[in-house]
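Asks: What follows is a single structure, and I will ask about it in a moment.
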Amino acid sequence: MHESTNSKQDETSASSQRAGSVVATLRVQPWLLYGIYLFCVGTLMYVAGILLVVPRYLGFYQILTPVAEWLVWYSGLPMVLGLILALIDLIFLFEQKRPLRHFRDERTSNARVTVALTAYNDEESIGEAVRDFLAHQRVARVIVVSNNSSDHTLKIAEAAGALTFNEENPGYGRCVHRCYLEALRYTDTDLIVLCEGDRTFRSADIDKLISYAPHADIVNGTRTVEVLRERRTQLTTFMFYGNLFVAKLLEAKHLGRSTLTDVGSTYKLCHRPALIALLPRLNPAINLEFNAHFMDMALANGLIIVECPITFHQRVGVSKGGNTDNLRALKVGLGMIRGLTFGWKRAA
């Protein structure tokens with residue numbers, strides 16, 4: 001009888017543990033993110049059904065009318081389900097998902113930074129970029145990592161006063177990863193600033209990044225403040241709002257952990273200890289989607305990210321990244337969404 005009672009207690013305990021595990025799993029799921037996806041699917045179905053009115057009255061009425069009616073009628077299903085999932089997160093789970101932490105305000109005095117610039121065939125801009133950052137009173141040194149440039153990028157950067165390195169493995173992620181590795185070798189600076197050598201960003205914004213540094217592990221520069229952007233940049237209207245949309249998806253995935261508007265910015269400041277902890281968890285083989293991967297992994301590992309408005313200028317030279325045209329930007333954006341939703345490639 002005693003053994004039977006113990007057996008029942010063990011079964012009850014195991015059942016409770018399984019139930020608790022299921023509840024915990026449900027709580028960590030990004031329901032808001034899934035809800036946004038479903039609502040977007042429903043909206044696309046509805047719009048597609050409406051737009052079929054044109055070919056319907058051009059001779060395909062009998063064929064396309066049932067299709068249009070089905071799309072419009074059933075578009076409400078994913079919309080409603082998406083709203084329900086979003087409300088579950090926003091109303092019932094939001095407070096539970098917010099980290100239990102105090103307001104962070106770790107002041108630093110006379111903060112010095114190491115600046116690391118990525119470069120690829122940027123001989124037109126790299127010299128001026130290096131001189132601009134070296135002239136800033138907070139900058140201890142400037143590192144330039146070239147990703148197999150075929151021009152005189154490295155030679156010009158070195159002549160301007162930078163410490164230069166060449167990353168032979170191709171890809172933006174490899175170049176950024178090498179930037180951080182080289183910057184971490186210098187222990188006299190607790191802050192590391194990543195940027196590009198194409199003159200789209202300027203050293204004056206370092207002061208703003210540092211002013212936000214007491215509140216977070218990573219300060220991400222955001223290019224979304226209209227009055228801080230030049231009239232003409234490589235960021236088209238499509239790219240601007242696409243970037244904002246993906247940033248909000250990332251925010252929805254990590255609900256309550258950060259407020260994000262720019263997932264593609266390459267101008268950011270990192271605290272040295274945070275970067276040391278994060279680097280082993282990153283996959284440098286990820287190419288143009290690396291910035292989204294970086295932020296996603298940082299939030300997933302409990303690091304604090306805050307955004308800082310920065311100025312954004314027209315680049316010098318020709319863009320070689322995801323901003324070359326809207327089609328390439330769309331592919332990069334879809335790659336980011338795929339990584340946020342289904343997981344990133346495993347590190348080699």
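Residue numbering restarts at 1 in every chain; chains get A, B, ... in the order shown in the structure tokens, and ligands count up from 1 in that same order.
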Using DSSP assignments from the backbone, pull out every residue in region 114-197 of chain A that falls under helix (DSSP H, G or I) and give it to me as a PyMOL selection string.
Replies: chain A and resi 126-134+153-159+172-183
Asks: Using DSSP assignments from the backbone, pull out every residue in region 208-267 of chain A that falls under strand (DSSP E or B) and give it to me as a VMD selection string.
Replies: chain A and resid 218 to 222 229
Asks: For Arg229 (chain A), work out the shell of residues within 10 Å, counting only C-alpha atoms and skipping chain neighbours fewer than 5 positions away, then give it as a ChimeraX atom specification.
Replies: /A:200,223-224,235,310-314
Asks: Could you pull the residues within 10 Å of region 262-264 of chain A, counting only C-alpha atoms, minus those fewer than 5 positions along the same chain, as a PyMOL selection string?
Replies: chain A and resi 220-224+239-251+288-296+307+309+322+332-333+336
Asks: Got time to write the residues from that selection, C-alpha atoms, as a PDB file, in the first residue's frame?
Replies:
```pdb
ATOM      1  CA  ASN A 220      22.638  50.687 -31.559  1.00  0.00           C
ATOM      2  CA  GLY A 221      22.668  53.770 -33.766  1.00  0.00           C
ATOM      3  CA  THR A 222      19.325  54.315 -35.480  1.00  0.00           C
ATOM      4  CA  ARG A 223      19.027  56.073 -38.840  1.00  0.00           C
ATOM      5  CA  THR A 224      15.261  56.507 -38.605  1.00  0.00           C
ATOM      6  CA  MET A 239      14.606  50.093 -47.614  1.00  0.00           C
ATOM      7  CA  PHE A 240      13.807  52.598 -44.864  1.00  0.00           C
ATOM      8  CA  TYR A 241      10.387  51.136 -44.060  1.00  0.00           C
ATOM      9  CA  GLY A 242      11.451  47.556 -44.741  1.00  0.00           C
ATOM     10  CA  ASN A 243      14.252  47.972 -42.227  1.00  0.00           C
ATOM     11  CA  LEU A 244      11.818  49.472 -39.719  1.00  0.00           C
ATOM     12  CA  PHE A 245       9.400  46.556 -40.245  1.00  0.00           C
ATOM     13  CA  VAL A 246      12.076  43.912 -39.611  1.00  0.00           C
ATOM     14  CA  ALA A 247      13.251  45.840 -36.534  1.00  0.00           C
ATOM     15  CA  LYS A 248       9.723  45.713 -35.129  1.00  0.00           C
ATOM     16  CA  LEU A 249       9.579  41.974 -35.809  1.00  0.00           C
ATOM     17  CA  LEU A 250      12.757  41.588 -33.766  1.00  0.00           C
ATOM     18  CA  GLU A 251      11.226  43.720 -31.026  1.00  0.00           C
ATOM     19  CA  LEU A 288      24.563  40.771 -45.039  1.00  0.00           C
ATOM     20  CA  GLU A 289      22.021  39.680 -42.419  1.00  0.00           C
ATOM     21  CA  PHE A 290      24.702  39.758 -39.717  1.00  0.00           C
ATOM     22  CA  ASN A 291      23.477  42.907 -37.950  1.00  0.00           C
ATOM     23  CA  ALA A 292      20.054  41.371 -37.353  1.00  0.00           C
ATOM     24  CA  HIS A 293      21.716  38.148 -36.214  1.00  0.00           C
ATOM     25  CA  PHE A 294      23.950  40.123 -33.833  1.00  0.00           C
ATOM     26  CA  MET A 295      21.014  41.919 -32.202  1.00  0.00           C
ATOM     27  CA  ASP A 296      18.838  38.808 -32.054  1.00  0.00           C
ATOM     28  CA  GLU A 307      18.945  52.789 -29.559  1.00  0.00           C
ATOM     29  CA  PRO A 309      19.535  58.600 -32.953  1.00  0.00           C
ATOM     30  CA  GLY A 322      22.483  45.261 -49.130  1.00  0.00           C
ATOM     31  CA  VAL A 332      18.465  40.585 -47.349  1.00  0.00           C
ATOM     32  CA  GLY A 333      15.295  41.529 -45.476  1.00  0.00           C
ATOM     33  CA  MET A 336      16.659  38.411 -41.771  1.00  0.00           C
TER      34      MET A 336
END
```
Asks: So, counting only C-alpha atoms, which residue among A:Arg174, A:Arg138, A:His254, A:Arg27 is closest to Gly302 (chain A)?
Replies: A:His254
